[in-house]
>>> print(open('final.txt').read())   # compact mmCIF, C-alpha atoms
# COMPACT_ATOMS: atom_id res chain seq x y z
CA MET O 19 9.48 23.77 4.22
CA ASN O 20 6.26 25.61 3.43
CA PRO O 21 3.45 23.11 2.71
CA VAL O 22 2.70 25.04 -0.48
CA LEU O 23 6.24 24.23 -1.68
CA LEU O 24 5.67 20.47 -1.39
CA PRO O 25 4.21 19.74 -4.84
CA ALA O 26 2.42 16.55 -3.83
CA LEU O 27 0.50 18.36 -1.08
CA ALA O 28 -0.48 21.11 -3.50
CA GLU O 29 -1.61 18.51 -6.04
CA LEU O 30 -3.66 16.72 -3.41
CA GLN O 31 -5.39 19.94 -2.41
CA GLY O 32 -6.17 20.68 -6.06
CA LEU O 33 -7.79 17.26 -6.46
CA VAL O 34 -9.89 17.80 -3.33
CA GLU O 35 -11.12 21.11 -4.71
CA ALA O 36 -11.85 19.56 -8.12
CA GLY O 37 -13.77 16.70 -6.50
CA GLY O 38 -16.03 19.10 -4.63
CA ALA O 39 -18.88 17.56 -2.67
CA HIS O 40 -18.04 14.05 -3.87
CA LEU O 41 -14.91 13.94 -1.66
CA GLN O 42 -14.44 14.31 2.08
CA GLN O 43 -11.12 15.52 3.47
CA ARG O 44 -9.78 15.55 6.99
CA VAL O 45 -6.39 16.04 8.63
CA VAL O 46 -5.62 13.08 10.88
CA CYS O 47 -2.44 14.56 12.33
CA GLU O 48 0.22 17.19 11.74
CA VAL O 49 3.96 16.57 11.86
CA ARG O 50 6.81 19.00 12.33
CA CYS O 51 9.39 19.48 9.60
CA GLY O 52 11.86 22.15 10.69
CA GLU O 53 9.80 25.20 11.53
CA THR O 54 6.79 24.02 9.56
CA ARG O 55 3.93 21.70 10.43
CA LEU O 56 2.78 19.45 7.60
CA PRO O 57 -0.66 17.79 7.46
CA VAL O 58 -1.27 14.07 7.09
CA GLN O 59 -4.59 13.87 5.29
CA VAL O 60 -7.18 11.24 4.44
CA ILE O 61 -9.56 11.60 1.50
CA THR O 62 -12.73 9.49 1.30
CA LEU O 63 -15.45 9.00 -1.27
CA GLY O 64 -18.25 6.57 -1.93
CA ASN O 65 -20.72 4.93 0.42
CA PRO O 66 -19.80 5.39 4.11
CA GLY O 67 -22.17 2.64 5.27
CA PRO O 68 -20.45 -0.09 7.33
CA ASP O 69 -22.09 -2.90 5.33
CA VAL O 70 -20.33 -2.10 2.03
CA PRO O 71 -16.78 -3.21 1.14
CA ALA O 72 -13.89 -0.75 1.11
CA ILE O 73 -10.51 -0.24 -0.50
CA GLY O 74 -7.73 1.90 0.97
CA ILE O 75 -4.91 3.35 -1.14
CA PHE O 76 -1.78 4.49 0.73
CA GLY O 77 1.42 6.09 -0.49
CA GLY O 78 4.42 8.09 0.64
CA VAL O 79 5.11 5.99 3.76
CA HIS O 80 8.76 6.27 2.75
CA GLY O 81 9.36 9.86 1.75
CA LEU O 82 12.20 9.00 -0.61
CA GLU O 83 9.91 6.75 -2.67
CA ARG O 84 8.02 9.56 -4.38
CA ILE O 85 6.63 7.24 -7.04
CA GLY O 86 4.45 5.55 -4.41
CA ALA O 87 2.70 8.81 -3.59
CA GLU O 88 2.51 9.65 -7.30
CA VAL O 89 0.76 6.37 -8.10
CA ALA O 90 -1.79 6.94 -5.33
CA LEU O 91 -2.38 10.51 -6.50
CA ALA O 92 -2.66 9.43 -10.14
CA PHE O 93 -5.40 6.94 -9.26
CA LEU O 94 -7.25 9.54 -7.21
CA ARG O 95 -6.89 11.99 -10.11
CA SER O 96 -8.39 9.50 -12.56
CA LEU O 97 -11.42 9.10 -10.30
CA VAL O 98 -11.88 12.83 -9.76
CA MET O 99 -11.69 13.55 -13.49
CA ARG O 100 -14.32 10.85 -14.18
CA LEU O 101 -16.79 12.04 -11.55
CA PRO O 102 -18.47 14.68 -13.76
CA TRP O 103 -19.41 12.23 -16.52
CA ASP O 104 -18.90 8.56 -15.57
CA GLY O 105 -22.22 7.04 -14.53
CA VAL O 106 -20.63 3.60 -14.11
CA LEU O 107 -18.22 5.05 -11.52
CA HIS O 108 -21.11 6.64 -9.61
CA ARG O 109 -22.95 3.30 -9.51
CA GLN O 110 -19.75 1.64 -8.28
CA LEU O 111 -19.40 4.22 -5.50
CA GLU O 112 -22.93 3.46 -4.32
CA SER O 113 -21.64 0.06 -3.14
CA LEU O 114 -17.99 0.86 -2.33
CA ARG O 115 -16.05 3.00 0.12
CA MET O 116 -12.72 4.40 -1.08
CA VAL O 117 -10.07 5.75 1.28
CA PHE O 118 -6.88 7.57 0.21
CA MET O 119 -3.81 8.51 2.23
CA PRO O 120 -1.38 9.42 -0.56
CA LEU O 121 1.13 11.24 1.68
CA VAL O 122 1.54 9.33 4.92
CA ASN O 123 5.02 10.79 5.51
CA PRO O 124 5.02 14.36 4.15
CA ALA O 125 8.06 15.38 6.23
CA GLY O 126 10.11 12.51 4.80
CA MET O 127 9.07 13.57 1.30
CA ALA O 128 10.02 17.18 1.99
CA LEU O 129 13.40 16.08 3.36
CA GLY O 130 14.01 13.42 0.71
CA THR O 131 14.43 10.66 3.31
CA ARG O 132 13.04 7.18 3.80
CA ALA O 133 12.28 7.88 7.46
CA ASN O 134 10.15 10.62 8.96
CA ALA O 135 11.60 13.84 10.37
CA ARG O 136 12.48 12.05 13.64
CA GLY O 137 14.53 9.44 11.77
CA VAL O 138 12.04 6.60 12.26
CA ASP O 139 11.19 4.18 9.46
CA LEU O 140 7.39 4.00 9.66
CA MET O 141 7.33 0.49 8.17
CA ARG O 142 9.44 -0.78 11.08
CA ASN O 143 7.52 1.13 13.74
CA ALA O 144 4.67 -1.19 14.77
CA PRO O 145 4.80 -3.28 17.98
CA VAL O 146 5.45 -6.57 16.15
CA GLU O 147 8.57 -8.66 16.73
CA ALA O 148 9.87 -11.00 14.05
CA VAL O 149 9.83 -14.72 14.78
CA GLY O 150 13.14 -15.86 13.35
CA ARG O 151 16.27 -14.23 12.03
CA VAL O 152 15.98 -10.88 10.26
CA PRO O 153 18.58 -9.46 7.85
CA PHE O 154 21.04 -7.00 9.36
CA LEU O 155 19.63 -3.44 9.50
CA ILE O 156 17.00 -3.95 6.77
CA GLY O 157 14.91 -6.08 9.12
CA GLY O 158 14.65 -3.16 11.54
CA GLN O 159 17.06 -1.89 14.19
CA ARG O 160 16.95 0.12 17.40
CA ARG O 161 20.63 1.15 17.50
CA SER O 162 20.37 4.68 16.14
CA ALA O 163 18.17 7.01 14.12
CA SER O 164 21.29 7.90 12.13
CA LEU O 165 21.18 4.40 10.59
CA PRO O 166 18.47 3.33 8.12
CA TRP O 167 15.50 1.17 9.09
CA TYR O 168 15.38 2.60 12.63
CA ARG O 169 12.36 1.31 14.54
CA GLY O 170 12.22 3.92 17.27
CA GLU O 171 12.90 3.43 20.96
CA ALA O 172 11.75 0.18 22.54
CA GLY O 173 8.49 0.65 24.40
CA ALA O 174 7.79 4.07 22.89
CA ALA O 175 4.46 4.93 21.33
CA MET O 176 4.21 4.64 17.57
CA GLU O 177 5.11 7.70 15.53
CA ALA O 178 2.27 10.14 14.79
CA GLU O 179 2.16 9.13 11.11
CA SER O 180 2.07 5.39 11.92
CA GLU O 181 -0.62 5.92 14.52
CA ALA O 182 -2.67 8.01 12.08
CA LEU O 183 -2.49 5.32 9.39
CA CYS O 184 -3.55 2.64 11.88
CA ARG O 185 -6.42 4.77 13.14
CA VAL O 186 -7.72 5.36 9.61
CA VAL O 187 -7.52 1.65 8.77
CA GLU O 188 -9.33 0.66 11.96
CA ASP O 189 -12.03 3.30 11.50
CA GLU O 190 -12.58 2.94 7.76
CA LEU O 191 -11.62 -0.62 6.79
CA LEU O 192 -11.54 -3.21 9.55
CA GLY O 193 -15.22 -3.12 10.52
CA ARG O 194 -16.51 -3.93 7.03
CA PRO O 195 -17.46 -7.36 5.68
CA PHE O 196 -14.59 -7.17 3.17
CA SER O 197 -11.79 -4.64 2.82
CA LEU O 198 -8.46 -4.41 1.09
CA ALA O 199 -5.53 -2.01 1.44
CA VAL O 200 -2.81 -1.24 -1.11
CA ASP O 201 0.35 0.49 0.14
CA CYS O 202 2.48 1.77 -2.76
CA HIS O 203 6.28 1.44 -2.42
CA SER O 204 9.31 1.01 -4.67
CA GLY O 205 12.85 -0.24 -4.44
CA PHE O 206 12.98 -4.03 -4.61
CA GLY O 207 13.95 -6.22 -7.56
CA LEU O 208 13.30 -6.22 -11.29
CA ARG O 209 9.62 -7.22 -11.02
CA ASP O 210 6.60 -5.49 -9.58
CA ARG O 211 5.63 -7.48 -6.53
CA ILE O 212 2.43 -7.55 -4.49
CA TRP O 213 3.34 -8.59 -0.96
CA PHE O 214 0.90 -9.81 1.64
CA PRO O 215 1.53 -10.65 5.32
CA HIS O 216 3.29 -12.00 7.08
CA ALA O 217 6.53 -10.04 7.21
CA HIS O 218 7.39 -11.03 10.79
CA THR O 219 7.04 -14.80 10.41
CA PRO O 220 7.11 -17.37 7.60
CA ALA O 221 3.86 -18.86 8.93
CA PRO O 222 0.97 -18.60 6.42
CA ILE O 223 -1.85 -16.17 7.11
CA GLU O 224 -5.45 -17.20 7.65
CA HIS O 225 -6.78 -15.78 4.38
CA LEU O 226 -4.77 -17.76 1.86
CA PRO O 227 -7.94 -18.91 0.02
CA GLU O 228 -9.03 -15.32 -0.60
CA LEU O 229 -5.56 -14.34 -1.80
CA LEU O 230 -5.28 -17.22 -4.26
CA ALA O 231 -8.79 -16.49 -5.54
CA LEU O 232 -7.67 -12.89 -6.04
CA GLN O 233 -4.65 -14.06 -8.02
CA HIS O 234 -6.90 -16.19 -10.21
CA ILE O 235 -9.14 -13.30 -11.22
CA LEU O 236 -6.11 -11.05 -11.69
CA ASP O 237 -4.54 -13.58 -14.06
CA GLN O 238 -7.82 -13.93 -15.94
CA ALA O 239 -8.62 -10.22 -16.27
CA LEU O 240 -5.12 -8.77 -16.82
CA THR O 241 -3.68 -11.56 -18.93
CA HIS O 242 -0.24 -10.06 -19.56
CA HIS O 243 0.40 -8.46 -16.18
CA ARG O 244 3.89 -8.60 -14.65
CA TYR O 245 2.92 -8.68 -10.97
CA VAL O 246 4.23 -11.35 -8.61
CA LEU O 247 1.83 -11.98 -5.73
CA GLU O 248 3.61 -13.54 -2.75
CA PRO O 249 4.06 -13.35 1.04
CA GLN O 250 6.72 -10.82 2.05
CA SER O 251 8.33 -13.50 4.21
CA ARG O 252 9.34 -15.26 1.01
CA GLN O 253 11.92 -12.48 0.51
CA TYR O 254 12.92 -11.51 4.06
CA LEU O 255 11.58 -11.15 7.60
CA ALA O 256 11.24 -7.80 9.34
CA HIS O 257 10.33 -6.36 12.71
CA GLY O 258 7.62 -3.76 13.18
CA ASP O 259 5.64 -4.15 9.94
CA LEU O 260 2.56 -1.90 10.05
CA TRP O 261 0.46 -4.19 7.86
CA ASP O 262 1.26 -7.27 9.93
CA HIS O 263 0.17 -5.30 12.97
CA LEU O 264 -3.11 -4.26 11.34
CA TYR O 265 -3.79 -7.71 9.92
CA LEU O 266 -3.36 -9.24 13.37
CA ARG O 267 -5.75 -6.61 14.74
CA SER O 268 -8.29 -7.52 12.04
CA LEU O 269 -8.35 -11.15 13.23
CA GLN O 270 -9.92 -9.91 16.45
CA ARG O 271 -13.06 -9.15 14.41
CA PRO O 272 -14.49 -12.52 13.32
CA GLY O 273 -16.61 -12.45 10.19
CA HIS O 274 -14.63 -9.61 8.61
CA VAL O 275 -11.98 -10.09 5.91
CA PHE O 276 -9.11 -7.62 5.62
CA LEU O 277 -6.40 -8.14 2.99
CA PRO O 278 -3.45 -5.72 3.27
CA LEU O 279 -1.21 -5.66 0.20
CA THR O 280 2.03 -3.82 -0.48
CA LEU O 281 2.83 -2.89 -4.07
CA GLU O 282 6.62 -3.07 -4.24
CA MET O 283 7.55 -1.55 -7.60
CA GLY O 284 10.70 -3.03 -9.07
CA SER O 285 12.95 0.02 -9.23
CA TRP O 286 16.01 -2.04 -10.18
CA LEU O 287 14.51 -2.27 -13.67
CA TRP O 288 14.55 1.52 -14.00
CA VAL O 289 18.20 1.57 -12.94
CA LYS O 290 19.01 -1.24 -15.37
CA LYS O 291 17.51 0.75 -18.24
CA ASN O 292 19.13 4.01 -17.11
CA PRO O 293 22.34 3.22 -15.12
CA ARG O 294 22.95 6.92 -14.49
CA GLN O 295 20.20 6.72 -11.88
CA LEU O 296 22.72 4.93 -9.64
CA PHE O 297 24.34 8.30 -9.01
CA SER O 298 21.12 9.81 -7.66
CA ARG O 299 19.58 8.91 -4.32
CA HIS O 300 16.12 9.47 -5.80
CA GLY O 301 17.11 7.47 -8.88
CA LEU O 302 17.42 4.29 -6.82
CA PHE O 303 13.71 4.44 -5.99
CA ASN O 304 12.00 6.48 -8.71
CA PRO O 305 11.88 6.55 -12.51
CA LEU O 306 13.66 9.77 -13.50
CA ILE O 307 12.90 9.75 -17.23
CA GLU O 308 9.49 11.26 -17.98
CA HIS O 309 8.17 8.67 -20.43
CA ARG O 310 9.14 5.86 -18.06
CA GLN O 311 7.36 7.55 -15.16
CA GLN O 312 4.24 7.95 -17.31
CA ARG O 313 4.34 4.25 -18.22
CA VAL O 314 4.66 3.31 -14.54
CA LEU O 315 1.69 5.47 -13.61
CA ARG O 316 -0.48 4.09 -16.43
CA THR O 317 0.33 0.50 -15.50
CA HIS O 318 -0.41 0.80 -11.81
CA VAL O 319 -3.48 3.02 -12.17
CA ASN O 320 -5.02 0.32 -14.37
CA TRP O 321 -4.16 -2.30 -11.75
CA LEU O 322 -5.62 -0.20 -8.93
CA ASP O 323 -8.82 0.24 -10.94
CA PHE O 324 -8.99 -3.55 -11.27
CA MET O 325 -8.50 -3.90 -7.51
CA ALA O 326 -11.32 -1.45 -6.79
CA ARG O 327 -13.62 -3.44 -9.08
CA ALA O 328 -12.59 -6.67 -7.38
CA VAL O 329 -13.43 -5.25 -3.96
CA THR O 330 -16.79 -3.94 -5.19
CA SER O 331 -17.69 -7.41 -6.51
CA TYR O 332 -16.00 -9.51 -3.81
CA ARG O 333 -19.10 -11.69 -3.30
CA ARG O 334 -18.66 -13.04 -6.83
CA TRP O 335 -15.14 -14.43 -6.32
CA VAL O 336 -14.37 -14.81 -2.60
CA PRO O 337 -14.69 -18.54 -1.75
CA LEU O 338 -17.45 -19.36 0.73
CA ASP O 339 -17.83 -23.13 0.41
CA ASP O 340 -15.71 -24.97 3.00
CA ALA O 341 -14.48 -27.57 0.52
CA GLU O 342 -13.50 -24.89 -2.01
CA ARG O 343 -11.68 -22.92 0.68
CA GLU O 344 -9.66 -25.94 1.75
CA ARG O 345 -8.76 -26.75 -1.87
CA LEU O 346 -7.57 -23.19 -2.42
CA ARG O 347 -5.68 -23.23 0.87
CA ALA O 348 -3.83 -26.39 -0.12
CA ASP O 349 -3.00 -24.94 -3.56
CA ALA O 350 -1.79 -21.69 -2.00
CA GLN O 351 0.33 -23.56 0.53
CA GLY O 352 2.07 -25.43 -2.27
CA LEU O 353 2.49 -22.31 -4.43
CA TRP O 354 3.84 -19.91 -1.82
CA TYR O 355 5.27 -22.05 0.96
CA GLY O 356 6.42 -25.27 -0.69
CA PRO O 357 5.25 -28.84 -0.11
>>> encode(input="final.txt", output="structure tokens")
Amino acid sequence: MNPVLLPALAELQGLVEAGGAHLQQRVVCEVRCGETRLPVQVITLGNPGPDVPAIGIFGGVHGLERIGAEVALAFLRSLVMRLPWDGVLHRQLESLRMVFMPLVNPAGMALGTRANARGVDLMRNAPVEAVGRVPFLIGGQRRSASLPWYRGEAGAAMEAESEALCRVVEDELLGRPFSLAVDCHSGFGLRDRIWFPHAHTPAPIEHLPELLALQHILDQALTHHRYVLEPQSRQYLAHGDLWDHLYLRSLQRPGHVFLPLTLEMGSWLWVKKNPRQLFSRHGLFNPLIEHRQQRVLRTHVNWLDFMARAVTSYRRWVPLDDAERERLRADAQGLWYGP
């Protein structure tokens, strides 16, 4: 597969060229796909200073879920097209760092597979073991790369793509006073869900107050949104979750807040509206009708813009008072984990 023949890579390069000096691009690793080597790239813009907050947008971790990469690219495109004229955006970027990895798994996208070219599911590839029972296969397995949700060999280093994502997050996000990551996926349920750690244990994470405060401003600003914010463990447990791994790493840096979120677009709704998609492997994970794809992109680009604004202004809504934090923690515990 020639990189030029992978449309998403060509689109990404076009956006980099259109963004000019406002964007920085670097290749964090290259992966083999047949006889070709494909780049895994990171695009950054905004203030690089370590004292400003940051948001990271990730897509294409599962190559089969093209819509995830398309959402990340659509948001980047909206920013690039606004750069020549939008003074408000430029003022926002003075106090915000933005990081994009729209194509974490370019070989999987080229091959039309969930896993990378070595058959490893990148979202089951981190050195994190689930505490409790995981569902058969879907929770991660080490039996064979010919089966889905393969974690890789026990004790082996993480895959190049997983390692690259982790390195970018540690370099660009974890050292800041406040940072947030959004990883765009599809394929679960009839609703668009926003999952936060943990995936490996049902135990609540430390930053429940921040997450409930985020839900409050989301509900207030996007009154009619259809997102369900919840811990992934509410649906199922899994081994090897990259975002659990990175969240646990972030706790080693006291005084810094890192909130990793996974946008899990409800692809079952697209199948329900167009049952013929059941007969297409891509149709199980992506909207195949053009107007429906455009609606999906519009919806999630607006939400990502909200998230970037929330990160920029985190000091105005993140709870700091101890009593307020404990009240929010108790409310979150009741909402997401039961009495």
>>> closest_atom_pairs(input="final.txt", of="stretch 77-122 of chain O", to="stretch 31-54 of chain O", cutoff="8 Å", atoms="only C-alpha atoms", output="JSON lines")
{"residue": "O:Leu94", "atom": "CA", "partner": "O:Leu33", "partner_atom": "CA", "distance": 7.8}
{"residue": "O:Arg95", "atom": "CA", "partner": "O:Leu33", "partner_atom": "CA", "distance": 6.5}
{"residue": "O:Val98", "atom": "CA", "partner": "O:Gly37", "partner_atom": "CA", "distance": 5.4}
{"residue": "O:Met99", "atom": "CA", "partner": "O:Gly37", "partner_atom": "CA", "distance": 7.9}
{"residue": "O:Leu101", "atom": "CA", "partner": "O:Gly37", "partner_atom": "CA", "distance": 7.5}
>>> atom_distance(input="final.txt", atom1="atom CA of O:Leu198", atom2="atom CA of O:Gly86")
17.2 Å
>>> closest_residue(input="final.txt", among="O:Arg115, O:His242, O:Lys290, O:His234", to="O:Leu302", atoms="all atoms listed in the file")
O:Lys290
>>> residues_around(input="final.txt", residues="stretch 250-266 of chain O", least_positions_apart="3", cutoff="7 Å", atoms="all atoms listed in the file", output="ChimeraX atom specification")
/O:141-148,152,157-158,184,213-220,269,276,278
>>> residues_around(input="final.txt", residues="O:Ala163", least_positions_apart="3", cutoff="9 Å", atoms="all atoms listed in the file", output="list in words")
Ala133, Arg136, Gly137, Val138, Asp139, Gln159, Arg160, Pro166, Trp167, Tyr168, Arg169 and Gly170 of chain O
>>> closest_residue(input="final.txt", among="O:Arg84, O:His203, O:His318, O:Arg267", to="O:Arg299", atoms="only C-alpha atoms")
O:Arg84
>>> atom_distance(input="final.txt", atom1="atom CA of O:Gly78", atom2="atom CA of O:Ala26")
9.8 Å
>>> atom_distance(input="final.txt", atom1="atom CA of O:Tyr355", atom2="atom CA of O:Glu248")
9.4 Å
>>> closest_residue(input="final.txt", among="O:Leu287, O:Val314, O:Val79, O:Ala341", to="O:Asn134", atoms="all atoms listed in the file")
O:Val79
>>> closest_residue(input="final.txt", among="O:Glu190, O:Asp104, O:Glu342, O:Glu88", to="O:Pro227", atoms="all atoms listed in the file")
O:Glu342
>>> closest_residue(input="final.txt", among="O:Glu282, O:Glu228, O:Asp189, O:Glu171", to="O:His80", atoms="only C-alpha atoms")
O:Glu282
>>> residues_near_point(input="final.txt", point="(19.3, -0.7, -14.3)", cutoff="12 Å", atoms="only C-alpha atoms", output="PyMOL selection string")
chain O and resi 205+207-208+284-297+301-306
>>> build_atoms(input="final.txt", residues="stretch 197-210 of chain O", atoms="N, CA and C atoms", output="PDB file, in the frame of the given file")
ATOM      1  N   SER O 197     -12.572  -5.843   3.113  1.00  0.00           N
ATOM      2  CA  SER O 197     -11.790  -4.640   2.820  1.00  0.00           C
ATOM      3  C   SER O 197     -10.400  -5.050   2.378  1.00  0.00           C
ATOM      4  N   LEU O 198      -9.782  -4.154   1.646  1.00  0.00           N
ATOM      5  CA  LEU O 198      -8.460  -4.410   1.090  1.00  0.00           C
ATOM      6  C   LEU O 198      -7.680  -3.107   1.125  1.00  0.00           C
ATOM      7  N   ALA O 199      -6.403  -3.189   1.437  1.00  0.00           N
ATOM      8  CA  ALA O 199      -5.530  -2.010   1.440  1.00  0.00           C
ATOM      9  C   ALA O 199      -4.379  -2.248   0.469  1.00  0.00           C
ATOM     10  N   VAL O 200      -3.983  -1.202  -0.242  1.00  0.00           N
ATOM     11  CA  VAL O 200      -2.810  -1.240  -1.110  1.00  0.00           C
ATOM     12  C   VAL O 200      -1.880  -0.115  -0.680  1.00  0.00           C
ATOM     13  N   ASP O 201      -0.675  -0.474  -0.282  1.00  0.00           N
ATOM     14  CA  ASP O 201       0.350   0.490   0.140  1.00  0.00           C
ATOM     15  C   ASP O 201       1.429   0.517  -0.948  1.00  0.00           C
ATOM     16  N   CYS O 202       1.630   1.664  -1.574  1.00  0.00           N
ATOM     17  CA  CYS O 202       2.480   1.770  -2.760  1.00  0.00           C
ATOM     18  C   CYS O 202       3.917   2.144  -2.382  1.00  0.00           C
ATOM     19  N   HIS O 203       4.860   1.261  -2.716  1.00  0.00           N
ATOM     20  CA  HIS O 203       6.280   1.440  -2.420  1.00  0.00           C
ATOM     21  C   HIS O 203       7.095   1.163  -3.678  1.00  0.00           C
ATOM     22  N   SER O 204       8.406   1.383  -3.588  1.00  0.00           N
ATOM     23  CA  SER O 204       9.310   1.010  -4.670  1.00  0.00           C
ATOM     24  C   SER O 204      10.653   0.612  -4.063  1.00  0.00           C
ATOM     25  N   GLY O 205      11.491  -0.028  -4.900  1.00  0.00           N
ATOM     26  CA  GLY O 205      12.850  -0.240  -4.440  1.00  0.00           C
ATOM     27  C   GLY O 205      13.307  -1.669  -4.287  1.00  0.00           C
ATOM     28  N   PHE O 206      12.550  -2.649  -4.813  1.00  0.00           N
ATOM     29  CA  PHE O 206      12.980  -4.030  -4.610  1.00  0.00           C
ATOM     30  C   PHE O 206      12.855  -4.796  -5.918  1.00  0.00           C
ATOM     31  N   GLY O 207      13.965  -5.264  -6.463  1.00  0.00           N
ATOM     32  CA  GLY O 207      13.950  -6.220  -7.560  1.00  0.00           C
ATOM     33  C   GLY O 207      13.657  -5.644  -8.925  1.00  0.00           C
ATOM     34  N   LEU O 208      13.561  -6.564  -9.895  1.00  0.00           N
ATOM     35  CA  LEU O 208      13.300  -6.220 -11.290  1.00  0.00           C
ATOM     36  C   LEU O 208      11.841  -6.415 -11.661  1.00  0.00           C
ATOM     37  N   ARG O 209      11.036  -6.972 -10.763  1.00  0.00           N
ATOM     38  CA  ARG O 209       9.620  -7.220 -11.020  1.00  0.00           C
ATOM     39  C   ARG O 209       8.773  -6.419 -10.054  1.00  0.00           C
ATOM     40  N   ASP O 210       7.565  -6.114 -10.470  1.00  0.00           N
ATOM     41  CA  ASP O 210       6.600  -5.490  -9.580  1.00  0.00           C
ATOM     42  C   ASP O 210       5.968  -6.580  -8.728  1.00  0.00           C
TER      43      ASP O 210
END
